[in-house]
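**Student:** Could you have a look at this structure, given as structure tokens, before my questions?
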Number of protein chains: 2
Amino acid sequence: MDQNKPHILVSNDDGINAPGIDALIMELQKIANVSVVAPSIERSAVGHAITLSDPLRVAEFKKEDRWCGYSVSGTPADCIKIAINELLDTEPDMIVSGINLGSNTGINVIYSGTVSAATEGTILGFPSFAISLTTYTNPNFAPAAKFAVKMVETLPNLALPQKTLLNINVPNVKEYQDIKGVTITRQGMSPFAEEFEKRIDLKNRAYYWLGGSKSPIKEDIEIDDRAVKERHISITPIQFDLTNYKYMESLKKKIPEISLL
Amino acid sequence: MDQNKPHILVSNDDGINAPGIDALIMELQKIANVSVVAPSIERSAVGHAITLSDPLRVAEFKKEDRWCGYSVSGTPADCIKIAINELLDTEPDMIVSGINLGSNTGINVIYSGTVSAATEGTILGFPSFAISLTTYTNPNFAPAAKFAVKMVETLPNLALPQKTLLNINVPNVKEYQDIKGVTITRQGMSPFAEEFEKRIDLKNRAYYWLGGSKSPIKEDIEIDDRAVKERHISITPIQFDLTNYKYMESLKKKIPEISLL
């Protein structure tokens with residue numbers, strides 16, 4: 001470890017062999033000591049899951065002559081927990097999760113394994129951010145990786161509160177210069193138009209695929225989905241205290257109605 | 001269906017065969033038309049996961065001569081989605097998730113499959129609550145089931161805002177009368193003292209179990225964990241807009257520091 005460089009723990013939910021984490025690590029290595037602890041297989045849409053009923057397996061992983069790390073037979077949150085508690089010799093200065101293939105915006109944020117790795121980092125007390133590329137096809141991870149480096153350098157100056165992390169979504173562009181700007185956003189709340197497609201298997205039994213699409217975005221630029229659609233990088237500060245404090249106060253006044261009798 | 005009674009959709013994360021959901025359904029049936037769509041197996045600590053990479057299987061399930069429902073080869077959130085979109089003929093008036101074996105308080109809330117079923121219900125626009133019994137040993141579900149009935153009757157009067165649900169934790173007591181009161185709480189933020197236990201398998205390979213315990217609670221009665229410890233029922237209003245609005249405003253002022261260059 002180069003003592004003059006920050007120590008970054010990197011994870012993701014697409015799995016340790018995904019191209020997004022490779023692009024991220026290759027850029028971060030230029031400015032940081034990088035430790036990698038990531039799921040052995042794809043763990044998308046696992047939400048903030050942790051593995052309690054099964055033991056975790058850990059294996060050393062070598063990405064050609066590019067970088068080394070550990071693969072874990074668990075979720076992104078498991079990876080962060082076991083990295084901090086067992087695998088790393090020295091604590092990281094920061095935790096970065098990504099680069100995810102596909103956006104993590106709107107309602108989706110609560111299903112996101114990518115965000116959950118950064119959330120777990122925050123729970124454990126480390127400044128953390130998640131970074132996602134808002135496409136599933138023809139991804140170009142280079143601009144997002146470049147911005148990740150910028151965030152690693154900038155984050156210490158942003159007075160990030162405890163228990164808050166950054167959820168970053170980067171539009172898929174050819175060149176970094178094609179990004180139009182950076183917007184601080186809030187999490188969109190547009191509902192999904194969900195559909196299940198029912199199919200019949202070879203033994204004549206039904207099965208269902210979850211599909212559907214996001215409702216169109218009419219909202220202002222300060223919504224995450226809208227910002228990336230305008231080719232801005234979206235940065236949403238998120239937290240994991242889920243309490244609705246405002247309603248909590250009004251609910252207290254209703255206690256007589258909720259009495260035990 | 002009895003048109004004079006409310007229609008309740010029930011799910012859980014302990015699986016359709018768990019005693020907690022049975023206790024809940026048996027009580028709710030006295031006052032409501034109950035539909036049951038729950039995971040075929042235990043899905044604890046799955047967070048707000050959804051199943052995208054595998055198809056979902058649905059099977060009719062009969063709990064002796066007590067009740068019928070559908071078991072789904074997915075997560076609690078999957079169950080709610082497929083219930084609303086495919087399985088139910090009429091929309092429910094309310095969604096209840098539980099009764100979970102074990103508390104869903106503090107940081108744990110973000111890992112909770114029980115809460116995620118109720119969250120999914122809220123996302124889809126239905127008044128929803130999650131209910132958990134705060135013990136893993138010698139559970140007595142009867143008091144929690146009785147309180148669930150009370151909540152189903154009371155919820156329409158509580159002016160629950162959109163995008164907010166109730167996370168209810170009930171202490172494990174012998175008799176309903178042993179519960180000391182109802183407290184409106186906020187989600188506790190005490191960190192876990194986590195530990196991984198490393199063991200060696202029969203082939204001399206290492207594996208890890210996640211263990212650990214909650215830090216002691218010194219907080220006031222308005223924290224979820226503390227309320228149940230005092231033998232109160234804890235009701236925490238929670239939401240899934242994770243935006244930290246306060247920090248969002250201060251972060252906007254730092255935009256020049258986060259410019260693309």
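Each chain in the structure tokens gets a letter, A, B and so on, in the order shown; residues start at 1 in every chain, and ligands are counted from 1 in the order they appear.
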Starting from chain B, keep only residues with some atom at most 6 Å from an atom of chain A, counting only C-alpha atoms, and report them as a PDB file with C-alpha atoms, in the first residue's frame.

**Tutor:**
ATOM      1  CA  ALA B  45     -33.245 -11.057   5.591  1.00  0.00           C
ATOM      2  CA  VAL B  46     -33.858 -10.782   1.865  1.00  0.00           C
ATOM      3  CA  GLY B  47     -34.276  -7.031   2.132  1.00  0.00           C
ATOM      4  CA  HIS B  48     -36.409  -5.492  -0.567  1.00  0.00           C
ATOM      5  CA  ALA B  49     -35.411  -8.059  -3.162  1.00  0.00           C
ATOM      6  CA  ILE B  50     -37.339  -8.817  -6.322  1.00  0.00           C
ATOM      7  CA  PRO B  55     -39.364 -17.098 -13.411  1.00  0.00           C
ATOM      8  CA  LEU B  56     -41.842 -17.236 -10.535  1.00  0.00           C
ATOM      9  CA  ARG B  57     -43.839 -20.371  -9.805  1.00  0.00           C
ATOM     10  CA  TYR B 111     -32.886  -6.025   5.775  1.00  0.00           C
ATOM     11  CA  ILE B 184     -45.211   5.673  18.383  1.00  0.00           C
ATOM     12  CA  ARG B 186     -38.709   6.164  15.355  1.00  0.00           C
ATOM     13  CA  GLN B 187     -36.363   3.645  13.815  1.00  0.00           C
ATOM     14  CA  TYR B 207     -16.397 -20.819   5.535  1.00  0.00           C
ATOM     15  CA  TYR B 208     -17.911 -17.991   7.568  1.00  0.00           C
ATOM     16  CA  TRP B 209     -21.065 -17.508   9.611  1.00  0.00           C
ATOM     17  CA  PRO B 237     -44.243   5.097  10.503  1.00  0.00           C
ATOM     18  CA  ILE B 238     -41.715   4.480   7.728  1.00  0.00           C
ATOM     19  CA  GLN B 239     -41.302   5.629   4.146  1.00  0.00           C
ATOM     20  CA  LEU B 242     -34.605   7.808   0.955  1.00  0.00           C
ATOM     21  CA  THR B 243     -33.587  11.352  -0.051  1.00  0.00           C
ATOM     22  CA  ASN B 244     -31.797  13.285   2.676  1.00  0.00           C
ATOM     23  CA  LYS B 252     -26.468  21.994  -4.069  1.00  0.00           C
TER      24      LYS B 252
END

**Student:** Considering only strand (DSSP E or B) as DSSP defines it on the backbone, what residues of segment 71-225 of chain A qualify? List them as a PyMOL selection string.

**Tutor:** chain A and resi 71-72+94-101+128-133+164-170+181-184+186+192-200+206-214+223

**Student:** How about saving the chosen residues, N, CA and C atoms kept, as a compact mmCIF listing (two decimals), in the first residue's frame?

**Tutor:**
# COMPACT_ATOMS: atom_id res chain seq x y z
N SER A 71 -13.72 -12.88 -4.00
CA SER A 71 -15.11 -13.10 -4.35
C SER A 71 -15.80 -13.77 -3.17
N VAL A 72 -17.05 -13.40 -2.94
CA VAL A 72 -17.82 -13.88 -1.79
C VAL A 72 -19.13 -14.48 -2.29
N MET A 94 -12.77 4.95 2.21
CA MET A 94 -14.00 5.18 1.47
C MET A 94 -14.45 3.86 0.85
N ILE A 95 -15.77 3.75 0.59
CA ILE A 95 -16.31 2.56 -0.08
C ILE A 95 -17.06 3.01 -1.33
N VAL A 96 -16.74 2.36 -2.45
CA VAL A 96 -17.39 2.69 -3.72
C VAL A 96 -18.02 1.43 -4.29
N SER A 97 -19.28 1.50 -4.67
CA SER A 97 -20.00 0.36 -5.22
C SER A 97 -20.39 0.64 -6.67
N GLY A 98 -19.98 -0.27 -7.55
CA GLY A 98 -20.32 -0.09 -8.97
C GLY A 98 -19.21 -0.60 -9.87
N ILE A 99 -19.17 -0.11 -11.06
CA ILE A 99 -20.17 0.68 -11.76
C ILE A 99 -21.26 -0.26 -12.22
N ASN A 100 -22.49 0.02 -11.80
CA ASN A 100 -23.58 -0.88 -12.14
C ASN A 100 -23.99 -0.73 -13.61
N LEU A 101 -24.31 -1.86 -14.21
CA LEU A 101 -24.88 -1.84 -15.56
C LEU A 101 -26.38 -1.65 -15.41
N SER A 128 -19.29 6.65 1.69
CA SER A 128 -19.58 5.67 0.64
C SER A 128 -20.41 6.28 -0.47
N PHE A 129 -20.19 5.79 -1.68
CA PHE A 129 -21.12 6.13 -2.75
C PHE A 129 -21.31 4.96 -3.70
N ALA A 130 -22.49 4.96 -4.33
CA ALA A 130 -22.82 3.97 -5.36
C ALA A 130 -22.82 4.70 -6.70
N ILE A 131 -22.36 4.01 -7.74
CA ILE A 131 -22.32 4.66 -9.06
C ILE A 131 -22.83 3.67 -10.12
N SER A 132 -23.75 4.16 -10.93
CA SER A 132 -24.43 3.31 -11.91
C SER A 132 -24.43 4.00 -13.27
N LEU A 133 -24.39 3.19 -14.30
CA LEU A 133 -24.47 3.68 -15.68
C LEU A 133 -25.88 3.41 -16.19
N THR A 164 -25.47 9.07 5.82
CA THR A 164 -25.91 9.51 4.49
C THR A 164 -24.87 9.06 3.47
N LEU A 165 -25.34 8.62 2.32
CA LEU A 165 -24.45 8.20 1.24
C LEU A 165 -24.90 8.87 -0.04
N LEU A 166 -24.08 8.75 -1.08
CA LEU A 166 -24.44 9.35 -2.36
C LEU A 166 -24.78 8.25 -3.36
N ASN A 167 -25.90 8.42 -4.03
CA ASN A 167 -26.30 7.52 -5.10
C ASN A 167 -26.14 8.26 -6.42
N ILE A 168 -25.13 7.84 -7.18
CA ILE A 168 -24.75 8.56 -8.40
C ILE A 168 -25.16 7.76 -9.63
N ASN A 169 -25.82 8.42 -10.56
CA ASN A 169 -26.18 7.80 -11.84
C ASN A 169 -25.58 8.62 -12.97
N VAL A 170 -24.91 7.93 -13.87
CA VAL A 170 -24.19 8.59 -14.96
C VAL A 170 -24.82 8.18 -16.28
N GLY A 181 -23.75 18.16 -17.36
CA GLY A 181 -23.58 18.80 -16.07
C GLY A 181 -23.81 17.82 -14.93
N VAL A 182 -23.76 18.32 -13.71
CA VAL A 182 -24.00 17.53 -12.50
C VAL A 182 -25.20 18.14 -11.80
N THR A 183 -26.19 17.31 -11.45
CA THR A 183 -27.36 17.83 -10.75
C THR A 183 -27.56 17.07 -9.44
N ILE A 184 -27.77 17.82 -8.38
CA ILE A 184 -28.12 17.21 -7.09
C ILE A 184 -29.62 16.95 -7.14
N ARG A 186 -33.34 14.51 -6.01
CA ARG A 186 -34.04 13.68 -5.04
C ARG A 186 -34.50 12.40 -5.75
N PHE A 192 -44.03 2.17 -11.14
CA PHE A 192 -43.78 1.31 -12.28
C PHE A 192 -45.09 0.84 -12.88
N ALA A 193 -45.12 0.68 -14.18
CA ALA A 193 -46.23 -0.03 -14.82
C ALA A 193 -45.77 -1.48 -14.93
N GLU A 194 -46.18 -2.28 -13.93
CA GLU A 194 -45.69 -3.66 -13.89
C GLU A 194 -46.60 -4.61 -14.62
N GLU A 195 -45.97 -5.60 -15.17
CA GLU A 195 -46.72 -6.65 -15.86
C GLU A 195 -46.04 -7.98 -15.62
N PHE A 196 -46.85 -9.00 -15.40
CA PHE A 196 -46.30 -10.35 -15.37
C PHE A 196 -46.70 -11.04 -16.66
N GLU A 197 -45.74 -11.70 -17.26
CA GLU A 197 -46.07 -12.47 -18.45
C GLU A 197 -46.16 -13.94 -18.04
N LYS A 198 -47.32 -14.51 -18.30
CA LYS A 198 -47.56 -15.91 -17.92
C LYS A 198 -47.19 -16.80 -19.09
N ARG A 199 -46.37 -17.81 -18.82
CA ARG A 199 -46.00 -18.75 -19.88
C ARG A 199 -46.23 -20.18 -19.38
N ILE A 200 -46.20 -21.11 -20.30
CA ILE A 200 -46.42 -22.52 -19.95
C ILE A 200 -45.15 -23.30 -20.26
N ALA A 206 -47.62 -23.52 -15.38
CA ALA A 206 -47.48 -22.08 -15.58
C ALA A 206 -46.25 -21.54 -14.85
N TYR A 207 -45.63 -20.53 -15.43
CA TYR A 207 -44.63 -19.74 -14.72
C TYR A 207 -44.77 -18.29 -15.18
N TYR A 208 -44.18 -17.38 -14.40
CA TYR A 208 -44.40 -15.94 -14.63
C TYR A 208 -43.06 -15.21 -14.68
N TRP A 209 -42.94 -14.30 -15.63
CA TRP A 209 -41.81 -13.37 -15.66
C TRP A 209 -42.31 -11.98 -15.27
N LEU A 210 -41.52 -11.33 -14.40
CA LEU A 210 -41.83 -9.95 -14.04
C LEU A 210 -41.28 -9.01 -15.11
N GLY A 211 -42.15 -8.19 -15.68
CA GLY A 211 -41.71 -7.21 -16.66
C GLY A 211 -42.32 -5.86 -16.35
N GLY A 212 -42.40 -5.02 -17.35
CA GLY A 212 -43.01 -3.72 -17.15
C GLY A 212 -42.04 -2.60 -17.43
N SER A 213 -42.53 -1.40 -17.32
CA SER A 213 -41.69 -0.25 -17.65
C SER A 213 -42.02 0.91 -16.74
N LYS A 214 -41.07 1.84 -16.65
CA LYS A 214 -41.30 3.02 -15.84
C LYS A 214 -42.32 3.93 -16.50
N ILE A 223 -35.29 15.57 -10.15
CA ILE A 223 -35.58 14.15 -9.95
C ILE A 223 -34.48 13.34 -10.64

**Student:** Residues at most 10 Å from Ser11 of chain A, counting only C-alpha atoms, excluding those fewer than 2 positions away in the same chain, as a PyMOL selection string?

**Tutor:** chain A and resi 8-9+13-16+21+24-25+35-39+69-71+76-77+79-80+83+95-99+114+117-118+130

**Student:** Keeping N, CA and C atoms for every residue in the selection just given, could you write it to a file as an mmCIF file, in the first residue's frame?

**Tutor:**
data_model
loop_
_atom_site.group_PDB
_atom_site.id
_atom_site.type_symbol
_atom_site.label_atom_id
_atom_site.label_comp_id
_atom_site.auth_asym_id
_atom_site.auth_seq_id
_atom_site.Cartn_x
_atom_site.Cartn_y
_atom_site.Cartn_z
ATOM 1 N N ILE A 8 -9.360 2.552 -0.926
ATOM 2 C CA ILE A 8 -10.763 2.444 -1.350
ATOM 3 C C ILE A 8 -11.174 0.976 -1.391
ATOM 4 N N LEU A 9 -12.282 0.668 -0.742
ATOM 5 C CA LEU A 9 -12.891 -0.673 -0.884
ATOM 6 C C LEU A 9 -13.941 -0.599 -1.979
ATOM 7 N N ASP A 13 -22.857 -5.219 -7.436
ATOM 8 C CA ASP A 13 -23.834 -6.318 -7.388
ATOM 9 C C ASP A 13 -23.912 -7.090 -8.701
ATOM 10 N N ASP A 14 -23.155 -6.669 -9.691
ATOM 11 C CA ASP A 14 -23.146 -7.407 -10.958
ATOM 12 C C ASP A 14 -22.177 -8.589 -10.918
ATOM 13 N N GLY A 15 -21.425 -8.719 -9.828
ATOM 14 C CA GLY A 15 -20.461 -9.805 -9.701
ATOM 15 C C GLY A 15 -19.056 -9.349 -10.021
ATOM 16 N N ILE A 16 -18.089 -10.025 -9.412
ATOM 17 C CA ILE A 16 -16.688 -9.577 -9.473
ATOM 18 C C ILE A 16 -16.131 -9.630 -10.887
ATOM 19 N N ILE A 21 -17.176 -3.152 -12.789
ATOM 20 C CA ILE A 21 -16.277 -3.062 -11.635
ATOM 21 C C ILE A 21 -14.829 -3.001 -12.122
ATOM 22 N N LEU A 24 -14.081 0.545 -13.158
ATOM 23 C CA LEU A 24 -13.959 1.379 -11.959
ATOM 24 C C LEU A 24 -12.597 1.183 -11.290
ATOM 25 N N ILE A 25 -12.221 -0.072 -11.103
ATOM 26 C CA ILE A 25 -10.967 -0.379 -10.402
ATOM 27 C C ILE A 25 -9.765 0.144 -11.188
ATOM 28 N N SER A 35 -8.921 -2.092 -2.655
ATOM 29 C CA SER A 35 -9.263 -3.458 -2.239
ATOM 30 C C SER A 35 -10.589 -3.824 -2.871
ATOM 31 N N VAL A 36 -10.719 -5.060 -3.316
ATOM 32 C CA VAL A 36 -11.926 -5.494 -4.005
ATOM 33 C C VAL A 36 -12.533 -6.705 -3.285
ATOM 34 N N VAL A 37 -13.776 -6.566 -2.859
ATOM 35 C CA VAL A 37 -14.526 -7.687 -2.275
ATOM 36 C C VAL A 37 -15.923 -7.624 -2.883
ATOM 37 N N ALA A 38 -16.239 -8.586 -3.737
ATOM 38 C CA ALA A 38 -17.483 -8.484 -4.510
ATOM 39 C C ALA A 38 -18.127 -9.860 -4.649
ATOM 40 N N PRO A 39 -19.419 -9.867 -4.971
ATOM 41 C CA PRO A 39 -20.121 -11.159 -5.088
ATOM 42 C C PRO A 39 -19.536 -12.030 -6.206
ATOM 43 N N GLY A 69 -8.585 -9.540 -5.875
ATOM 44 C CA GLY A 69 -9.556 -9.249 -4.831
ATOM 45 C C GLY A 69 -10.100 -10.538 -4.256
ATOM 46 N N TYR A 70 -11.247 -10.412 -3.583
ATOM 47 C CA TYR A 70 -11.922 -11.579 -3.030
ATOM 48 C C TYR A 70 -13.325 -11.672 -3.603
ATOM 49 N N SER A 71 -13.718 -12.877 -3.997
ATOM 50 C CA SER A 71 -15.112 -13.101 -4.350
ATOM 51 C C SER A 71 -15.801 -13.767 -3.168
ATOM 52 N N PRO A 76 -24.163 -8.127 -1.963
ATOM 53 C CA PRO A 76 -23.281 -6.956 -1.820
ATOM 54 C C PRO A 76 -23.108 -6.521 -0.353
ATOM 55 N N ALA A 77 -24.195 -6.527 0.414
ATOM 56 C CA ALA A 77 -24.076 -6.140 1.830
ATOM 57 C C ALA A 77 -23.180 -7.113 2.589
ATOM 58 N N CYS A 79 -20.702 -8.709 1.347
ATOM 59 C CA CYS A 79 -19.322 -8.426 0.925
ATOM 60 C C CYS A 79 -18.705 -7.324 1.775
ATOM 61 N N ILE A 80 -19.469 -6.257 1.998
ATOM 62 C CA ILE A 80 -18.939 -5.137 2.779
ATOM 63 C C ILE A 80 -18.720 -5.561 4.227
ATOM 64 N N ALA A 83 -15.721 -7.928 4.380
ATOM 65 C CA ALA A 83 -14.495 -7.197 4.042
ATOM 66 C C ALA A 83 -13.980 -6.451 5.267
ATOM 67 N N ILE A 95 -15.773 3.753 0.587
ATOM 68 C CA ILE A 95 -16.311 2.563 -0.081
ATOM 69 C C ILE A 95 -17.057 3.011 -1.335
ATOM 70 N N VAL A 96 -16.739 2.364 -2.446
ATOM 71 C CA VAL A 96 -17.387 2.690 -3.722
ATOM 72 C C VAL A 96 -18.017 1.427 -4.292
ATOM 73 N N SER A 97 -19.283 1.504 -4.671
ATOM 74 C CA SER A 97 -19.997 0.357 -5.223
ATOM 75 C C SER A 97 -20.387 0.637 -6.668
ATOM 76 N N GLY A 98 -19.979 -0.265 -7.553
ATOM 77 C CA GLY A 98 -20.322 -0.085 -8.972
ATOM 78 C C GLY A 98 -19.211 -0.598 -9.870
ATOM 79 N N ILE A 99 -19.174 -0.112 -11.057
ATOM 80 C CA ILE A 99 -20.174 0.676 -11.762
ATOM 81 C C ILE A 99 -21.265 -0.265 -12.224
ATOM 82 N N THR A 114 -26.487 -2.611 -5.681
ATOM 83 C CA THR A 114 -25.372 -1.665 -5.802
ATOM 84 C C THR A 114 -25.448 -0.620 -4.688
ATOM 85 N N ALA A 117 -24.649 -2.035 -1.077
ATOM 86 C CA ALA A 117 -23.242 -2.147 -0.669
ATOM 87 C C ALA A 117 -22.763 -0.825 -0.083
ATOM 88 N N ALA A 118 -23.125 0.271 -0.733
ATOM 89 C CA ALA A 118 -22.726 1.593 -0.220
ATOM 90 C C ALA A 118 -23.463 1.918 1.075
ATOM 91 N N ALA A 130 -22.490 4.959 -4.333
ATOM 92 C CA ALA A 130 -22.818 3.974 -5.363
ATOM 93 C C ALA A 130 -22.818 4.697 -6.696
#

**Student:** Residues of segment 75-122 of chain B in helix (DSSP H, G or I) according to DSSP, as a PyMOL selection string?

**Tutor:** chain B and resi 76-87+106-111+113-122

**Student:** So the first atom is atom CA of Pro6 of chain B and the second is atom CA of Ile31 of chain B; what is the distance between them in Å, to one decimal place?

**Tutor:**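 Atom-to-atom, atom CA of Pro6 of chain B to atom CA of Ile31 of chain B, that is 7.6 Å.
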
**Student:** Choose the residue, out of B:Glu27, B:Asp22, B:Glu60, B:Asp89, that has the smallest atom-to-atom separation from Ser40 of chain B; count only C-alpha atoms.

**Tutor:**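 Comparing B:Glu27, B:Asp22, B:Glu60, B:Asp89 against Ser40 of chain B, the winner is B:Glu60.
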
**Student:** Go through A:Lys229, A:Pro156, A:Lys63, A:Ala148 and flag the residue nearest Leu28 of chain A, using only C-alpha atoms for the distances.

**Tutor:**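 Between A:Lys229, A:Pro156, A:Lys63, A:Ala148, the residue approaching Leu28 of chain A most closely is A:Ala148.
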
**Student:** Please report the interatomic distance between atom CA of Ile221 of chain B and atom CA of Phe141 of chain B in Å with one decimal.

**Tutor:**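 That distance, rounded to one decimal, is 23.3 Å.
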